[in-house]
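Structure below is my_file_35.txt: compact mmCIF, C-alpha atoms.
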```txt
# COMPACT_ATOMS: atom_id res chain seq x y z
CA MET B 176 -6.21 53.45 -30.57
CA ALA B 177 -7.39 50.05 -29.49
CA VAL B 178 -6.89 48.71 -33.05
CA ALA B 179 -3.42 50.28 -33.27
CA ALA B 180 -2.43 48.74 -29.95
CA LEU B 181 -3.69 45.35 -31.11
CA PHE B 182 -1.54 45.47 -34.30
CA ALA B 183 1.50 46.58 -32.27
CA ALA B 184 1.07 43.66 -29.89
CA ALA B 185 0.73 41.20 -32.76
CA ALA B 186 3.85 42.56 -34.44
CA LEU B 187 5.77 42.22 -31.16
CA ALA B 188 4.62 38.60 -30.80
CA VAL B 189 5.77 37.74 -34.29
CA SER B 190 9.10 39.47 -33.68
CA CYS B 191 9.66 37.61 -30.41
CA THR B 192 8.77 34.29 -31.97
CA LYS B 193 11.36 34.72 -34.73
CA GLU B 194 14.11 35.78 -32.32
CA GLU B 195 13.52 32.73 -30.15
CA GLU B 196 14.04 30.20 -32.99
CA PRO B 197 17.11 28.05 -32.20
CA GLU B 198 20.22 28.68 -34.26
CA GLN B 199 21.40 25.96 -36.61
CA GLU B 200 24.28 23.90 -35.28
CA PRO B 201 27.55 24.53 -37.14
CA GLU B 202 28.83 21.77 -39.38
CA GLN B 203 31.37 19.44 -37.79
CA GLN B 204 34.89 20.63 -38.31
CA PRO B 205 37.05 18.24 -40.32
CA PHE B 206 39.75 16.41 -38.39
CA VAL B 207 42.03 15.83 -41.39
CA SER B 208 44.87 18.30 -41.89
CA LYS B 209 44.69 20.74 -44.78
CA THR B 210 48.41 21.48 -44.69
CA PRO B 211 50.39 19.92 -47.59
CA SER B 212 52.53 16.98 -46.49
CA ASN B 213 54.73 14.22 -47.84
CA LYS B 214 53.51 10.69 -48.46
CA ASN B 215 53.33 8.12 -45.70
CA VAL B 216 54.33 4.51 -46.35
CA ILE B 217 52.05 1.50 -46.63
CA LEU B 218 54.17 -1.65 -46.83
CA GLU B 219 52.13 -4.68 -47.91
CA GLU B 220 54.07 -7.88 -47.24
CA TYR B 221 53.02 -11.14 -48.90
CA THR B 222 53.80 -13.95 -46.53
CA GLY B 223 52.87 -17.41 -45.23
CA VAL B 224 53.52 -19.70 -42.27
CA ASN B 225 55.49 -22.22 -44.37
CA CYS B 226 57.79 -19.57 -45.84
CA GLY B 227 61.11 -19.94 -44.05
CA TYR B 228 62.48 -16.53 -45.02
CA CYS B 229 59.26 -14.63 -44.31
CA PRO B 230 60.14 -13.87 -40.66
CA ASP B 231 63.13 -11.91 -41.95
CA GLY B 232 60.67 -9.85 -43.98
CA HIS B 233 58.55 -9.34 -40.87
CA ARG B 234 61.63 -8.13 -38.99
CA ILE B 235 62.55 -5.62 -41.71
CA ALA B 236 58.97 -4.33 -41.93
CA ASN B 237 58.82 -3.90 -38.15
CA GLU B 238 62.10 -1.98 -38.21
CA ILE B 239 60.80 0.38 -40.91
CA VAL B 240 57.63 1.05 -38.88
CA ALA B 241 59.59 1.57 -35.65
CA ALA B 242 62.06 3.95 -37.32
CA ASN B 243 59.29 6.09 -38.80
CA PRO B 244 56.57 6.55 -36.16
CA GLY B 245 53.42 8.03 -37.61
CA ARG B 246 54.80 7.73 -41.14
CA ALA B 247 54.90 4.02 -41.99
CA TRP B 248 52.67 0.98 -41.42
CA ALA B 249 52.86 -2.68 -42.41
CA ILE B 250 50.09 -4.97 -43.62
CA ASN B 251 50.91 -8.69 -43.58
CA ILE B 252 48.89 -10.51 -46.23
CA HIS B 253 48.88 -14.30 -45.91
CA THR B 254 48.33 -15.78 -49.35
CA GLY B 255 49.83 -18.13 -51.89
CA GLN B 256 51.39 -21.55 -51.68
CA TYR B 257 53.01 -21.02 -48.26
CA ALA B 258 49.90 -19.69 -46.54
CA VAL B 259 48.24 -22.93 -45.43
CA ARG B 260 46.90 -21.03 -42.43
CA TYR B 261 45.60 -17.47 -42.01
CA SER B 262 44.88 -17.10 -45.73
CA THR B 263 42.63 -14.14 -46.42
CA GLU B 264 39.97 -13.93 -49.12
CA TRP B 265 41.51 -10.68 -50.31
CA GLY B 266 45.06 -11.96 -50.75
CA GLU B 267 44.98 -13.70 -54.11
CA ALA B 268 43.77 -10.65 -56.06
CA LEU B 269 46.13 -8.32 -54.21
CA ALA B 270 49.13 -10.55 -54.86
CA GLY B 271 48.06 -11.09 -58.46
CA GLN B 272 48.67 -7.46 -59.43
CA THR B 273 52.14 -7.22 -57.88
CA GLY B 274 54.10 -9.44 -60.25
CA LEU B 275 55.74 -11.25 -57.32
CA THR B 276 57.79 -14.32 -58.09
CA GLY B 277 58.68 -15.48 -54.57
CA TYR B 278 58.02 -15.06 -50.87
CA PRO B 279 58.42 -12.89 -48.96
CA SER B 280 57.70 -10.06 -51.36
CA GLY B 281 56.43 -6.63 -50.55
CA THR B 282 55.08 -3.52 -52.18
CA VAL B 283 55.82 -0.04 -50.92
CA ASN B 284 52.82 2.15 -51.75
CA ARG B 285 52.24 -0.18 -54.72
CA HIS B 286 54.78 1.90 -56.57
CA VAL B 287 56.84 0.68 -59.53
CA PHE B 288 60.44 1.53 -58.66
CA SER B 289 61.95 -0.23 -61.67
CA GLY B 290 60.71 -2.43 -64.48
CA SER B 291 56.98 -3.10 -64.51
CA SER B 292 56.39 -4.88 -61.20
CA THR B 293 55.49 -3.38 -57.84
CA ALA B 294 56.85 -6.42 -55.96
CA LEU B 295 60.18 -5.91 -54.19
CA ASN B 296 62.41 -8.33 -52.34
CA ARG B 297 62.90 -7.54 -48.68
CA GLY B 298 66.35 -6.07 -49.15
CA LYS B 299 64.86 -3.13 -51.06
CA TRP B 300 62.04 -2.15 -48.74
CA THR B 301 63.96 0.29 -46.52
CA ALA B 302 65.34 2.37 -49.38
CA ALA B 303 61.97 2.32 -51.15
CA ALA B 304 60.22 3.58 -48.02
CA ALA B 305 62.68 6.47 -47.67
CA GLU B 306 62.10 7.41 -51.32
CA ILE B 307 58.33 7.45 -50.89
CA MET B 308 58.44 9.54 -47.71
CA ALA B 309 60.40 12.24 -49.55
CA GLN B 310 57.63 12.71 -52.13
CA PRO B 311 54.82 15.29 -51.75
CA ALA B 312 51.34 13.82 -51.31
CA PRO B 313 48.38 15.25 -53.22
CA VAL B 314 46.00 14.19 -50.45
CA ASN B 315 46.02 13.96 -46.67
CA VAL B 316 44.23 11.08 -44.92
CA ALA B 317 43.02 10.84 -41.32
CA ALA B 318 40.96 8.17 -39.58
CA ARG B 319 39.48 7.42 -36.20
CA CYS B 320 37.83 4.30 -34.87
CA THR B 321 35.71 3.24 -31.93
CA ILE B 322 34.88 -0.32 -30.89
CA ASP B 323 31.92 -1.09 -28.64
CA ARG B 324 33.01 -3.92 -26.36
CA SER B 325 29.48 -5.16 -25.70
CA THR B 326 28.19 -5.24 -29.29
CA ARG B 327 31.58 -5.72 -31.02
CA VAL B 328 30.58 -3.00 -33.49
CA MET B 329 33.50 -1.11 -35.00
CA THR B 330 32.84 2.38 -36.34
CA VAL B 331 35.49 3.95 -38.57
CA GLU B 332 35.45 7.53 -39.84
CA VAL B 333 37.86 8.52 -42.60
CA GLU B 334 38.54 11.96 -44.05
CA ALA B 335 40.68 12.92 -47.03
CA TYR B 336 41.64 16.42 -48.13
CA TYR B 337 43.26 17.14 -51.47
CA THR B 338 46.07 19.68 -51.12
CA SER B 339 46.75 19.43 -54.88
CA ASN B 340 45.20 17.75 -57.88
CA SER B 341 45.42 13.99 -58.22
CA SER B 342 46.65 12.85 -61.64
CA ALA B 343 43.63 10.50 -61.80
CA SER B 344 40.00 11.54 -62.09
CA TYR B 345 38.99 8.79 -59.69
CA ASN B 346 40.75 7.56 -56.58
CA TYR B 347 39.84 4.76 -54.16
CA LEU B 348 39.67 4.69 -50.38
CA ASN B 349 40.84 1.43 -48.82
CA VAL B 350 40.30 0.60 -45.14
CA ALA B 351 42.01 -2.48 -43.68
CA VAL B 352 41.40 -4.17 -40.34
CA LEU B 353 44.57 -5.77 -38.96
CA GLN B 354 45.28 -7.93 -35.93
CA ASN B 355 48.38 -8.24 -33.75
CA ASN B 356 49.66 -10.83 -31.31
CA ILE B 357 48.29 -13.94 -33.00
CA LEU B 358 50.26 -16.91 -31.68
CA GLY B 359 50.82 -19.77 -34.10
CA PRO B 360 53.30 -21.64 -36.26
CA GLN B 361 55.89 -20.00 -38.52
CA SER B 362 58.76 -21.61 -40.39
CA GLY B 363 62.05 -19.83 -39.78
CA GLY B 364 60.70 -17.79 -36.88
CA SER B 365 63.38 -18.70 -34.33
CA ASN B 366 66.16 -18.24 -36.90
CA TYR B 367 65.19 -14.97 -38.57
CA ASN B 368 62.99 -13.16 -36.08
CA PRO B 369 63.55 -14.65 -32.62
CA SER B 370 62.14 -11.61 -30.83
CA GLN B 371 58.70 -12.65 -32.09
CA MET B 372 58.88 -16.10 -30.49
CA GLU B 373 56.91 -16.94 -27.36
CA GLY B 374 58.05 -20.42 -26.45
CA SER B 375 57.47 -22.55 -29.53
CA GLN B 376 54.86 -20.14 -30.91
CA TYR B 377 55.42 -17.21 -33.24
CA LYS B 378 53.70 -13.88 -32.63
CA HIS B 379 52.14 -12.72 -35.90
CA MET B 380 51.64 -8.97 -36.28
CA HIS B 381 49.76 -6.62 -38.65
CA MET B 382 47.82 -9.55 -40.11
CA LEU B 383 45.15 -8.54 -42.62
CA ARG B 384 41.77 -9.74 -41.37
CA HIS B 385 39.21 -7.71 -43.30
CA LEU B 386 38.82 -4.92 -45.86
CA LEU B 387 35.95 -2.65 -44.83
CA SER B 388 36.03 -1.04 -48.27
CA GLY B 389 36.02 -4.28 -50.24
CA GLN B 390 38.68 -5.67 -52.54
CA TRP B 391 39.70 -2.46 -54.29
CA GLY B 392 38.22 0.32 -52.18
CA ASP B 393 35.41 2.86 -52.43
CA MET B 394 35.53 5.35 -55.27
CA ILE B 395 36.34 9.02 -54.70
CA THR B 396 34.94 11.00 -57.62
CA LYS B 397 36.30 14.47 -56.80
CA THR B 398 40.10 14.48 -56.69
CA SER B 399 41.01 18.12 -57.33
CA GLU B 400 42.71 20.55 -54.97
CA GLY B 401 40.46 21.70 -52.11
CA ASN B 402 38.14 18.69 -52.16
CA LEU B 403 37.19 17.22 -48.79
CA PHE B 404 35.98 13.60 -48.77
CA SER B 405 34.58 11.69 -45.80
CA LYS B 406 33.12 8.23 -45.27
CA LYS B 407 31.93 6.21 -42.29
CA TYR B 408 32.03 2.42 -41.96
CA THR B 409 30.45 0.10 -39.41
CA TYR B 410 31.49 -3.51 -38.99
CA THR B 411 30.38 -6.15 -36.51
CA ILE B 412 33.59 -7.93 -35.57
CA PRO B 413 33.18 -11.72 -35.62
CA GLU B 414 34.32 -13.81 -32.69
CA THR B 415 36.82 -15.66 -34.89
CA ILE B 416 38.45 -15.52 -38.31
CA SER B 417 40.43 -18.54 -39.56
CA ASP B 418 39.69 -20.20 -36.20
CA GLU B 419 41.61 -17.49 -34.34
CA ALA B 420 39.87 -15.28 -31.76
CA MET B 421 39.40 -11.67 -32.86
CA VAL B 422 40.74 -9.98 -29.73
CA LEU B 423 39.37 -6.43 -29.76
CA SER B 424 42.38 -4.85 -28.05
CA ASP B 425 44.72 -6.32 -30.70
CA LEU B 426 43.00 -4.72 -33.70
CA GLU B 427 44.36 -1.92 -35.86
CA VAL B 428 42.83 0.05 -38.72
CA VAL B 429 44.88 1.40 -41.61
CA ALA B 430 43.36 3.61 -44.31
CA PHE B 431 44.93 4.58 -47.63
CA ILE B 432 44.00 6.11 -50.97
CA THR B 433 45.01 4.66 -54.32
CA GLU B 434 45.00 5.75 -57.93
CA SER B 435 43.17 2.98 -59.76
CA HIS B 436 44.08 -0.20 -57.87
CA GLN B 437 47.77 0.57 -57.73
CA GLU B 438 49.75 3.66 -56.66
CA ILE B 439 49.05 4.56 -53.02
CA LEU B 440 48.95 8.34 -52.67
CA ASN B 441 48.91 8.47 -48.89
CA GLY B 442 47.73 6.57 -45.85
CA CYS B 443 47.33 6.64 -42.10
CA LYS B 444 46.64 4.51 -39.06
CA ALA B 445 43.41 5.21 -37.18
CA THR B 446 43.25 6.06 -33.53
CA VAL B 447 41.29 3.15 -31.98
CA VAL B 448 39.19 3.70 -28.85
CA LEU B 449 37.54 0.80 -27.00
CA LYS B 450 34.31 1.70 -25.27
```
Show me, as structure tokens, the structure contained in the file I just sent.
Amino acid sequence: MAVAALFAAAALAVSCTKEEEPEQEPEQQPFVSKTPSNKNVILEEYTGVNCGYCPDGHRIANEIVAANPGRAWAINIHTGQYAVRYSTEWGEALAGQTGLTGYPSGTVNRHVFSGSSTALNRGKWTAAAAEIMAQPAPVNVAARCTIDRSTRVMTVEVEAYYTSNSSASYNYLNVAVLQNNILGPQSGGSNYNPSQMEGSQYKHMHMLRHLLSGQWGDMITKTSEGNLFSKKYTYTIPETISDEAMVLSDLEVVAFITESHQEILNGCKATVVLK
């Protein structure tokens, strides 16, 4: 009896020990939508401070963004012969694939609407944006961002969910850091976009400052329906770029997915939280 009681007690101890093991925490739920949607618009405008007609392009881009909240975003890329200030290291290669022949030029989702060039003059951007937004997207994109005020570390999380198959075996995630409210010179500002003037200074918006994902983005190797992709970036924001202060509250983050280095399948603007 004593031996039987001893075995019973041991069995009870083992049983209790197993029951008291902590449960595994559930995996984090994705924040990207899995519901099929139409494409959002990424308008990349090629511009420069010595381009007299460029402020008219800025105005048109701002109007497209304002008319389509949550569906359209502009990226102003200063590059080329007119960009004596604010030039970005990424601009030359980006402009080189567009086929542009003058400034301002823009691409709407890097799509070829006619001919063989993605570059469009500013008079065609609005219609091109409407055409893109009517097309179904094979992938949804969502992003969120936090910036630590004390360390200036930016953390960006991006998720993509494929609601249908991409036509390409590989896609690329691009994540751009933009800055608003940069006061400086701009030819034609008072004539073509006076609302952006503050005294004699022009308020530059959506200016490309950095690409967290590098020149052409980070590769996505699974692009079939049902695939969920996620990636996290950290970036220590410098005090200045091109001698202009990087004001934390003026920063934006836009993420988008491309086929090869061209066609943009979908994009989004991150929610930015300063801590």
Go through range 199-238 of chain B and flag each residue having an atom no more than 9 Å from range 338-361 of chain B; for those, report the closest pair of atoms plus their distance in Å to one decimal, using all atoms listed in the file, ordered by chain and rising number, as CSV.
```
residue,atom,partner,partner_atom,distance
B:Lys209,CA,B:Thr338,CA,6.6
B:Thr210,CA,B:Thr338,CA,7.1
B:Pro211,CA,B:Thr338,CA,5.6
B:Ser212,CA,B:Thr338,CA,8.4
B:Gly223,CA,B:Gln361,CA,7.8
B:Val224,CA,B:Gln361,CA,4.4
B:Asn225,CA,B:Gln361,CA,6.3
B:Cys226,CA,B:Gln361,CA,7.6
B:Gly227,CA,B:Gln361,CA,7.6
B:Cys229,CA,B:Gln361,CA,8.6
B:Pro230,CA,B:Gln361,CA,7.8
```
Spatial neighbours of Thr326 in chain B, 12 Å, all atoms listed in the file, chain gap at least 6 places, as a compact mmCIF listing (two decimals) with C-alpha atoms, in the coordinates of the input:
```txt
# COMPACT_ATOMS: atom_id res chain seq x y z
CA THR B 409 30.45 0.10 -39.41
CA TYR B 410 31.49 -3.51 -38.99
CA THR B 411 30.38 -6.15 -36.51
CA ILE B 412 33.59 -7.93 -35.57
CA PRO B 413 33.18 -11.72 -35.62
CA GLU B 414 34.32 -13.81 -32.69
CA LEU B 423 39.37 -6.43 -29.76
CA LEU B 449 37.54 0.80 -27.00
CA LYS B 450 34.31 1.70 -25.27
```
B:Ser289, B:Gln376, B:Asn441, B:Thr263 ranked by distance to Asn215 in chain B, top pick (using all atoms listed in the file): B:Asn441
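Between CA of Asn366 in chain B and CA of Ala303 in chain B there is a distance of 25.4 Å.
Using only C-alpha atoms, the smallest distance between any of B:Ser375, B:Gln204, B:Ser417, B:Ser399 and His253 in chain B comes from B:Ser417.
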Mind checking which residues fall within 10 Å of Cys443 in chain B, counting all atoms listed in the file, ignoring those fewer than 3 positions away in the same chain, and posting them as a PyMOL selection string? chain B and resi 214-217+245-248+315-319+333+350+428-432+446
Shortest interatomic distance to Gly298 in chain B - which of B:Gly401, B:Pro369, B:Pro313, B:Pro279, counting only C-alpha atoms: B:Pro279
Between B:Ala305, B:Cys320, B:Ala294, B:Ala420, which has the minimum distance to Asn243 in chain B (counting all atoms listed in the file)? B:Ala305
For a quick check of understanding, using only C-alpha atoms, which of B:Glu219, B:Asp418, B:Asp393, B:Glu373 has the smallest distance to Thr293 in chain B? B:Glu219
Would you mind listing, for every residue of range 294-362 of chain B within 10 Å of range 231-238 of chain B, the two atoms forming the shortest contact and the distance between them in Å to one decimal, using all atoms listed in the file, sorted by chain and ascending residue number, as CSV?
```
residue,atom,partner,partner_atom,distance
B:Asn296,CA,B:Gly232,CA,8.7
B:Arg297,CA,B:Gly232,CA,5.7
B:Gly298,CA,B:Ile235,CA,8.4
B:Lys299,CA,B:Ile235,CA,9.9
B:Trp300,CA,B:Ala236,CA,7.8
B:Thr301,CA,B:Ile235,CA,7.7
```
Distance criterion (all atoms listed in the file): nearest to Met421 in chain B out of B:Gln371, B:Leu383, B:Asn213, B:Tyr336: B:Leu383
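Counting from CA of Thr273 in chain B, the distance to CA of Gly364 in chain B is 25.0 Å.
Our summary of the geometry notes that CA of Val422 in chain B is positioned 13.1 Å from CA of His381 in chain B.
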